[in-house]
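Pasting final-v3.txt here (compact mmCIF, C-alpha atoms):
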```txt
# COMPACT_ATOMS: atom_id res chain seq x y z
CA MET A 88 0.00 0.00 0.00
CA GLU A 89 1.25 3.47 -0.88
CA LYS A 90 1.32 6.35 1.57
CA SER A 91 -1.64 8.66 1.00
CA VAL A 92 -2.79 11.73 2.96
CA THR A 93 -6.04 13.43 1.98
CA ILE A 94 -6.74 16.84 3.55
CA LEU A 95 -10.37 17.91 3.84
CA GLY A 96 -12.07 21.10 4.93
CA GLY A 97 -14.48 20.75 7.83
CA ASP A 98 -16.77 23.14 9.69
CA GLY A 99 -15.52 26.72 9.70
CA VAL A 100 -13.17 26.33 6.75
CA GLY A 101 -14.25 28.27 3.69
CA ARG A 102 -14.68 26.95 0.18
CA VAL A 103 -13.27 28.65 -2.92
CA THR A 104 -15.90 29.77 -5.45
CA LYS A 105 -13.93 32.08 -7.77
CA PRO A 106 -10.88 31.54 -9.98
CA GLY A 107 -7.67 33.48 -9.49
CA LEU A 108 -6.48 31.99 -6.20
CA ALA A 109 -3.84 29.33 -5.55
CA ILE A 110 -6.69 26.87 -4.90
CA PRO A 111 -9.12 25.92 -7.70
CA PRO A 112 -12.84 26.67 -7.21
CA GLY A 113 -14.79 23.98 -5.39
CA ASN A 114 -11.97 23.11 -3.00
CA PRO A 115 -11.56 23.98 0.69
CA ALA A 116 -9.63 27.21 1.27
CA ILE A 117 -6.47 25.55 2.58
CA ASN A 118 -3.44 27.05 0.87
CA PRO A 119 -0.71 24.84 -0.65
CA VAL A 120 1.93 25.60 2.01
CA PRO A 121 -0.18 24.70 5.09
CA LYS A 122 -1.48 21.68 3.19
CA LYS A 123 2.09 20.56 2.54
CA MET A 124 3.01 21.13 6.21
CA ILE A 125 0.04 19.05 7.40
CA ARG A 126 0.90 16.27 4.99
CA GLN A 127 4.55 16.23 6.11
CA ALA A 128 3.53 16.12 9.78
CA VAL A 129 1.22 13.13 9.19
CA GLU A 130 3.85 11.28 7.16
CA GLU A 131 6.41 11.92 9.90
CA ALA A 132 4.04 10.54 12.56
CA LEU A 133 3.38 7.42 10.48
CA GLU A 134 6.88 7.03 9.02
CA HIS A 135 7.33 3.51 10.40
CA ARG A 136 4.34 2.17 8.51
CA SER A 137 5.01 0.70 5.10
CA GLY A 138 1.81 2.19 3.71
CA PHE A 139 -1.35 3.97 4.78
CA GLU A 140 -4.38 5.90 3.61
CA THR A 141 -5.22 8.78 5.96
CA GLU A 142 -7.78 11.55 5.91
CA VAL A 143 -7.23 14.77 7.87
CA THR A 144 -10.17 17.11 8.36
CA VAL A 145 -9.32 20.72 9.25
CA SER A 146 -12.05 22.52 11.22
CA VAL A 147 -12.18 25.98 12.78
CA PRO A 148 -14.59 26.66 15.67
CA LYS A 149 -16.72 29.72 14.82
CA GLY A 150 -14.88 29.97 11.50
CA LYS A 151 -17.98 31.17 9.67
CA GLU A 152 -18.49 33.99 12.17
CA LEU A 153 -14.79 34.94 12.00
CA ALA A 154 -14.92 35.02 8.20
CA ALA A 155 -17.43 37.88 8.35
CA LYS A 156 -14.60 40.06 9.72
CA THR A 157 -12.25 39.26 6.83
CA LEU A 158 -12.06 40.02 3.10
CA ASN A 159 -12.82 36.40 2.19
CA HIS A 160 -16.17 37.20 0.57
CA ARG A 161 -14.36 39.58 -1.80
CA LEU A 162 -12.04 36.76 -2.86
CA GLY A 163 -14.91 34.33 -3.35
CA ILE A 164 -14.27 32.24 -0.24
CA VAL A 165 -17.56 31.34 1.45
CA GLY A 166 -18.65 29.48 4.55
CA GLY A 167 -15.59 30.03 6.71
CA ILE A 168 -12.05 31.33 6.96
CA SER A 169 -8.96 30.47 4.92
CA ILE A 170 -6.07 28.38 6.18
CA LEU A 171 -3.09 30.47 5.09
CA GLY A 172 0.61 30.68 5.83
CA THR A 173 4.11 30.18 4.49
CA THR A 174 6.16 29.47 7.62
CA GLY A 175 3.82 28.14 10.30
CA ILE A 176 4.43 31.27 12.38
CA VAL A 177 1.45 33.54 12.92
CA LYS A 178 1.99 37.31 12.75
CA PRO A 179 -1.38 39.02 13.40
CA ILE A 180 -2.19 41.76 10.88
CA SER A 181 1.29 41.38 9.42
CA ALA A 182 2.47 43.36 6.40
CA GLU A 183 3.09 40.07 4.60
CA ALA A 184 -0.50 38.93 5.12
CA TRP A 185 -1.96 42.24 3.96
CA CYS A 186 0.25 42.32 0.87
CA ALA A 187 -0.70 38.73 0.05
CA THR A 188 -4.38 39.70 0.27
CA ILE A 189 -3.80 42.63 -2.11
CA ARG A 190 -2.14 40.33 -4.64
CA CYS A 191 -4.91 37.74 -4.35
CA SER A 192 -7.60 40.41 -4.78
CA MET A 193 -5.94 41.61 -7.99
CA ASP A 194 -5.66 38.07 -9.34
CA VAL A 195 -9.35 37.44 -8.60
CA CYS A 196 -10.17 40.69 -10.41
CA LEU A 197 -8.27 39.52 -13.50
CA ALA A 198 -9.77 36.04 -13.33
CA ALA A 199 -13.21 37.67 -13.36
CA GLY A 200 -12.32 39.13 -16.76
CA LEU A 201 -11.98 42.74 -15.58
CA ASP A 202 -9.43 45.19 -16.95
CA GLN A 203 -10.20 47.92 -14.38
CA VAL A 204 -9.13 47.81 -10.76
CA VAL A 205 -10.04 50.16 -7.92
CA LEU A 206 -7.66 50.77 -5.01
CA ALA A 207 -9.10 52.29 -1.85
CA THR A 208 -7.27 53.60 1.20
CA GLY A 209 -10.21 52.68 3.45
CA ARG A 210 -13.76 51.33 3.55
CA THR A 211 -15.38 54.80 3.34
CA SER A 212 -13.42 55.61 0.20
CA GLU A 213 -14.25 52.23 -1.28
CA ARG A 214 -17.99 52.67 -0.72
CA ALA A 215 -17.89 56.10 -2.36
CA ALA A 216 -16.06 54.65 -5.37
CA GLN A 217 -18.55 51.79 -5.61
CA HIS A 218 -21.43 54.26 -5.69
CA LEU A 219 -19.70 56.34 -8.39
CA LEU A 220 -18.27 53.65 -10.65
CA GLY A 221 -20.70 50.75 -10.29
CA LEU A 222 -18.07 48.15 -11.19
CA PRO A 223 -18.40 44.48 -10.12
CA GLU A 224 -17.32 43.76 -6.54
CA ALA A 225 -14.23 41.88 -7.72
CA ALA A 226 -12.80 45.15 -9.12
CA TYR A 227 -12.32 46.69 -5.66
CA VAL A 228 -9.08 46.12 -3.76
CA SER A 229 -8.69 47.36 -0.18
CA MET A 230 -5.06 48.42 -0.27
CA GLY A 231 -5.10 50.26 3.07
CA ASP A 232 -1.80 52.10 3.48
CA TYR A 233 0.20 50.09 0.94
CA VAL A 234 0.10 52.63 -1.87
CA ILE A 235 3.29 52.15 -3.85
CA PHE A 236 3.35 48.40 -3.24
CA SER A 237 -0.16 48.13 -4.71
CA LEU A 238 0.71 50.19 -7.78
CA LYS A 239 3.81 48.10 -8.42
CA GLU A 240 1.63 44.98 -8.31
CA ILE A 241 -0.81 46.58 -10.78
CA SER A 242 2.07 47.41 -13.12
CA LYS A 243 2.90 43.68 -13.29
CA ARG A 244 -0.62 42.80 -14.42
CA PRO A 245 -2.56 43.51 -17.64
CA PHE A 246 -4.94 46.09 -16.18
CA ARG A 247 -5.94 48.88 -18.54
CA GLN A 248 -7.45 51.30 -16.03
CA MET A 249 -6.63 51.95 -12.38
CA HIS A 250 -8.77 54.02 -10.01
CA LEU A 251 -7.54 55.28 -6.65
CA ALA A 252 -10.11 56.40 -4.05
CA SER A 253 -8.84 58.30 -1.03
CA GLN A 254 -9.85 60.86 1.52
CA TRP A 255 -8.00 64.15 1.87
CA SER A 256 -5.45 63.34 4.58
CA LYS A 257 -4.05 60.28 2.82
CA LEU A 258 -4.19 61.92 -0.59
CA ILE A 259 -2.04 64.75 0.79
CA LYS A 260 0.50 62.16 1.99
CA ILE A 261 0.56 60.58 -1.47
CA ALA A 262 0.99 63.99 -3.13
CA MET A 263 3.87 64.75 -0.74
CA GLY A 264 5.62 61.54 -1.79
CA TRP A 265 4.80 59.14 1.04
CA GLU A 266 4.97 55.50 -0.09
CA GLN A 267 3.17 54.26 3.04
CA THR A 268 0.34 56.30 4.57
CA ASN A 269 0.00 54.62 7.97
CA VAL A 270 0.47 56.96 10.92
CA LYS A 271 3.27 54.76 12.27
CA HIS A 272 5.40 56.02 9.37
CA GLY A 273 4.96 59.60 10.52
CA VAL A 274 2.39 62.22 11.46
CA LEU A 275 1.46 64.99 9.07
CA ASN A 276 2.62 68.35 10.32
CA THR A 277 0.01 70.97 9.41
CA HIS A 278 2.65 73.68 8.97
CA GLU A 279 4.47 71.46 6.46
CA VAL A 280 1.19 70.73 4.68
CA LEU A 281 0.31 74.43 4.43
CA ALA A 282 3.78 75.17 3.08
CA PHE A 283 3.34 72.36 0.56
CA LEU A 284 -0.04 73.77 -0.55
CA ALA A 285 1.36 77.29 -0.78
CA ALA A 286 4.10 76.02 -3.10
CA LEU A 287 1.56 74.17 -5.26
CA VAL A 288 -0.79 77.16 -5.64
CA PRO A 289 1.32 80.22 -4.74
CA ASP A 290 -1.40 82.75 -5.59
CA ILE A 291 -3.73 81.34 -2.89
CA SER A 292 -3.31 82.65 0.65
CA PHE A 293 -3.58 80.15 3.49
CA GLU A 294 -2.80 82.69 6.18
CA SER A 295 -6.33 82.66 7.61
CA ILE A 296 -6.05 78.93 8.38
CA SER A 297 -2.42 78.92 9.50
CA GLY A 298 -3.56 77.81 12.97
CA ALA A 299 -5.26 74.64 11.72
CA ASN A 300 -4.61 71.69 14.04
CA THR A 301 -5.25 68.90 11.53
CA VAL A 302 -5.10 68.30 7.79
CA ARG A 303 -8.82 67.59 7.88
CA GLU A 304 -9.38 71.04 9.39
CA ILE A 305 -7.55 72.59 6.43
CA PHE A 306 -9.91 70.85 4.02
CA ILE A 307 -13.03 71.88 5.95
CA ALA A 308 -11.80 75.47 6.44
CA MET A 309 -11.50 75.89 2.66
CA LYS A 310 -15.11 74.80 2.12
CA ASP A 311 -16.48 78.31 1.60
CA ARG A 312 -13.65 79.53 -0.60
CA GLY A 313 -15.17 78.40 -3.88
CA VAL A 314 -12.75 78.61 -6.78
CA GLU A 315 -9.71 78.70 -4.50
CA ARG A 316 -10.74 75.46 -2.83
CA ASP A 317 -11.37 73.80 -6.19
CA ARG A 318 -7.95 74.86 -7.44
CA MET A 319 -6.29 73.59 -4.26
CA ILE A 320 -8.00 70.21 -4.63
CA LYS A 321 -7.04 69.91 -8.30
CA ALA A 322 -3.44 70.85 -7.51
CA VAL A 323 -3.17 68.13 -4.87
CA CYS A 324 -4.81 65.56 -7.16
CA SER A 325 -2.44 66.56 -9.96
CA GLU A 326 0.64 66.18 -7.76
CA ALA A 327 -0.54 62.78 -6.49
CA PHE A 328 -1.28 61.74 -10.08
CA LYS A 329 2.23 62.65 -11.27
CA ARG A 330 3.85 60.64 -8.47
CA LEU A 331 1.66 57.57 -8.92
CA LYS A 332 1.67 57.51 -12.73
CA THR A 333 5.44 56.96 -12.78
CA VAL A 334 4.93 53.62 -10.99
CA LEU A 335 2.41 52.33 -13.54
CA ARG A 336 3.18 51.24 -17.09
CA PRO A 337 2.79 53.94 -19.77
CA ASP A 338 -0.22 52.12 -21.25
CA GLN A 339 -2.13 52.04 -17.95
CA ASP A 340 -4.59 54.87 -17.27
CA LEU A 341 -5.00 56.38 -13.82
CA MET A 342 -8.00 58.13 -12.28
CA ILE A 343 -7.89 59.65 -8.79
CA HIS A 344 -11.13 60.06 -6.81
CA LEU A 345 -11.07 62.35 -3.78
CA VAL A 346 -13.66 61.31 -1.19
CA SER A 347 -14.99 63.99 1.16
CA TYR A 348 -15.72 63.56 4.86
CA SER A 349 -19.38 63.44 3.89
CA ARG A 350 -18.51 60.15 2.15
CA ARG A 351 -18.94 61.13 -1.48
CA VAL A 352 -16.55 61.70 -4.37
CA VAL A 353 -15.98 65.43 -4.75
CA GLU A 354 -13.28 65.30 -7.42
CA SER A 355 -12.25 62.79 -10.08
CA PHE A 356 -8.95 63.63 -11.69
CA SER A 357 -6.94 62.32 -14.64
CA ILE A 358 -4.46 63.81 -17.07
CA ARG A 359 -4.94 62.84 -20.68
CA ASP A 360 -2.07 63.25 -23.10
```

Whole structure, structure tokens version:
Amino acid sequence: MEKSVTILGGDGVGRVTKPGLAIPPGNPAINPVPKKMIRQAVEEALEHRSGFETEVTVSVPKGKELAAKTLNHRLGIVGGISILGTTGIVKPISAEAWCATIRCSMDVCLAAGLDQVVLATGRTSERAAQHLLGLPEAAYVSMGDYVIFSLKEISKRPFRQMHLASQWSKLIKIAMGWEQTNVKHGVLNTHEVLAFLAALVPDISFESISGANTVREIFIAMKDRGVERDRMIKAVCSEAFKRLKTVLRPDQDLMIHLVSYSRRVVESFSIRD
């Protein structure tokens, strides 16, 4: 008898329903590396037997409830969580795990036959973009703070159009050249932001809001300044566009959508040659 280990998905383990992942549709969401590790562990435990046929069922208590707090539904994994990993060491909310999810989301988007992808810095921005664009759910990728990483991944794939949805504070960071927008990489200094804006649109005076405590306050304070506010917004979008477009391939189009704090897109920006 040959040695045979079959790995099954039990209660709480999701099932793959969409193409584009490392696991074909119809199979339990147990990635190749953990599956290999389980198989090796079983073979090691039974190494003294000349042959065996063994089934291992992986179950996760409350896995279905836990899955509701993940992005699994976006990837087409239903009924439970995924069994992931590359080393067997768990790093909660690790950069590696988030980046892997971004890659998987893009691959699912392509497998769905889409040539447009939407990156969002947060859930509010994503909802606003969904309302505006009306693309299939698979087109939306929650990139969080991983801006340049996400664009580099897009540049490796045959997407034609990329949309970026962001609120003001993170868009300012992108325009100022930040590759990572998480606060742990630095806090925006409002004086630096005002100096940055003054350099972008030198004929607009920001003196009346020089005491602003937050970047959000700058945005809100400009609300009643009509044309000046519109020009400020366009200047920031333009600067962010120039920085991001250099990461994409020349044949990939970019559209930036600025989402207001009232949760709607207030500016969509692109530069056409």

Nearby residues, (-3.0, 52.9, -20.3) file frame, 9 Å, all atoms listed in the file, as a PDB file with C-alpha atoms, in the frame of the given file:
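File point11.pdb, as written:
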```pdb
ATOM      1  CA  PHE A 246      -4.940  46.090 -16.180  1.00  0.00           C
ATOM      2  CA  ARG A 247      -5.940  48.880 -18.540  1.00  0.00           C
ATOM      3  CA  GLN A 248      -7.450  51.300 -16.030  1.00  0.00           C
ATOM      4  CA  MET A 249      -6.630  51.950 -12.380  1.00  0.00           C
ATOM      5  CA  LEU A 335       2.410  52.330 -13.540  1.00  0.00           C
ATOM      6  CA  ARG A 336       3.180  51.240 -17.090  1.00  0.00           C
ATOM      7  CA  PRO A 337       2.790  53.940 -19.770  1.00  0.00           C
ATOM      8  CA  ASP A 338      -0.220  52.120 -21.250  1.00  0.00           C
ATOM      9  CA  GLN A 339      -2.130  52.040 -17.950  1.00  0.00           C
ATOM     10  CA  ASP A 340      -4.590  54.870 -17.270  1.00  0.00           C
ATOM     11  CA  LEU A 341      -5.000  56.380 -13.820  1.00  0.00           C
TER      12      LEU A 341
END
```

What's the 10 Å shell around segment 145-149 of chain A, counting only C-alpha atoms, without same-chain residues fewer than 5 positions away, as a count of residues only? 17

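The smallest atom-to-atom distance between Ala198 of chain A and any of A:Pro245, A:Glu294, A:Val346, A:Asp317, using all atoms listed in the file, is found for A:Pro245.
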
Residue with smallest distance to Lys239 of chain A - pool A:Leu281, A:Ala182, A:Val204, A:Val334, counting all atoms listed in the file: A:Val334

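Pairwise distance (atom CA of Phe283 of chain A, atom CA of Tyr233 of chain A) equals 22.5 Å.
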
Given all atoms listed in the file as the basis, pick out the residue of A:Met342, A:Val195, A:Leu251, A:Ala155 nearest to Ala226 of chain A. A:Val195

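Only residues having an atom at most 10 Å from (2.5, 58.9, -5.0) are included; using all atoms listed in the file, these are Val234, Ile235, Leu238, Leu258, Ile259, Lys260, Ile261, Ala262, Met263, Gly264, Trp265, Glu266, Gln267, Glu326, Ala327, Phe328, Lys329, Arg330, Leu331, Lys332, Thr333 and Val334 of chain A.
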
Could you write out that same residue set with C-alpha atoms as a PDB file, in the coordinates of the input?
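Output file again05.pdb follows:
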```
ATOM      1  CA  VAL A 234       0.100  52.630  -1.870  1.00  0.00           C
ATOM      2  CA  ILE A 235       3.290  52.150  -3.850  1.00  0.00           C
ATOM      3  CA  LEU A 238       0.710  50.190  -7.780  1.00  0.00           C
ATOM      4  CA  LEU A 258      -4.190  61.920  -0.590  1.00  0.00           C
ATOM      5  CA  ILE A 259      -2.040  64.750   0.790  1.00  0.00           C
ATOM      6  CA  LYS A 260       0.500  62.160   1.990  1.00  0.00           C
ATOM      7  CA  ILE A 261       0.560  60.580  -1.470  1.00  0.00           C
ATOM      8  CA  ALA A 262       0.990  63.990  -3.130  1.00  0.00           C
ATOM      9  CA  MET A 263       3.870  64.750  -0.740  1.00  0.00           C
ATOM     10  CA  GLY A 264       5.620  61.540  -1.790  1.00  0.00           C
ATOM     11  CA  TRP A 265       4.800  59.140   1.040  1.00  0.00           C
ATOM     12  CA  GLU A 266       4.970  55.500  -0.090  1.00  0.00           C
ATOM     13  CA  GLN A 267       3.170  54.260   3.040  1.00  0.00           C
ATOM     14  CA  GLU A 326       0.640  66.180  -7.760  1.00  0.00           C
ATOM     15  CA  ALA A 327      -0.540  62.780  -6.490  1.00  0.00           C
ATOM     16  CA  PHE A 328      -1.280  61.740 -10.080  1.00  0.00           C
ATOM     17  CA  LYS A 329       2.230  62.650 -11.270  1.00  0.00           C
ATOM     18  CA  ARG A 330       3.850  60.640  -8.470  1.00  0.00           C
ATOM     19  CA  LEU A 331       1.660  57.570  -8.920  1.00  0.00           C
ATOM     20  CA  LYS A 332       1.670  57.510 -12.730  1.00  0.00           C
ATOM     21  CA  THR A 333       5.440  56.960 -12.780  1.00  0.00           C
ATOM     22  CA  VAL A 334       4.930  53.620 -10.990  1.00  0.00           C
TER      23      VAL A 334
END
```

Please put the answer as JSON: centre and edge lengths, in Å with one decimal, of a box along x, y and z that encloses all listed atoms of segment 250-263 of chain A plus 5 Å on each side.
```
{"center_x": -3.1, "center_y": 59.4, "center_z": -2.7, "size_x": 24.0, "size_y": 20.7, "size_z": 24.6}
```

Excluding Ser229 of chain A and its own-chain neighbours fewer than 4 positions away, which residues fall within 12 Å of it when counting only C-alpha atoms? Please give them as a ChimeraX atom specification. /A:157-159,161-162,185-193,204-214,216,224-225,233-234,237,250-253

Neighbouring residues of Gly138 of chain A were defined as those with any atom within 9 Å, considering all atoms listed in the file; residues of the same chain fewer than 4 positions away were excluded. Please report them as a PyMOL selection string. chain A and resi 88-91+133-134

Go through A:Val92, A:Ile110, A:Leu153, A:Val165 and flag the residue nearest Glu131 of chain A, using all atoms listed in the file for the distances. A:Val92

For Glu142 of chain A, which residue out of A:Ile164, A:Val129, A:Met319, A:Leu284 is the nearest one, using all atoms listed in the file? A:Val129

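The space separating atom CA of His218 of chain A from atom CA of Gly313 of chain A comes to 25.0 Å.
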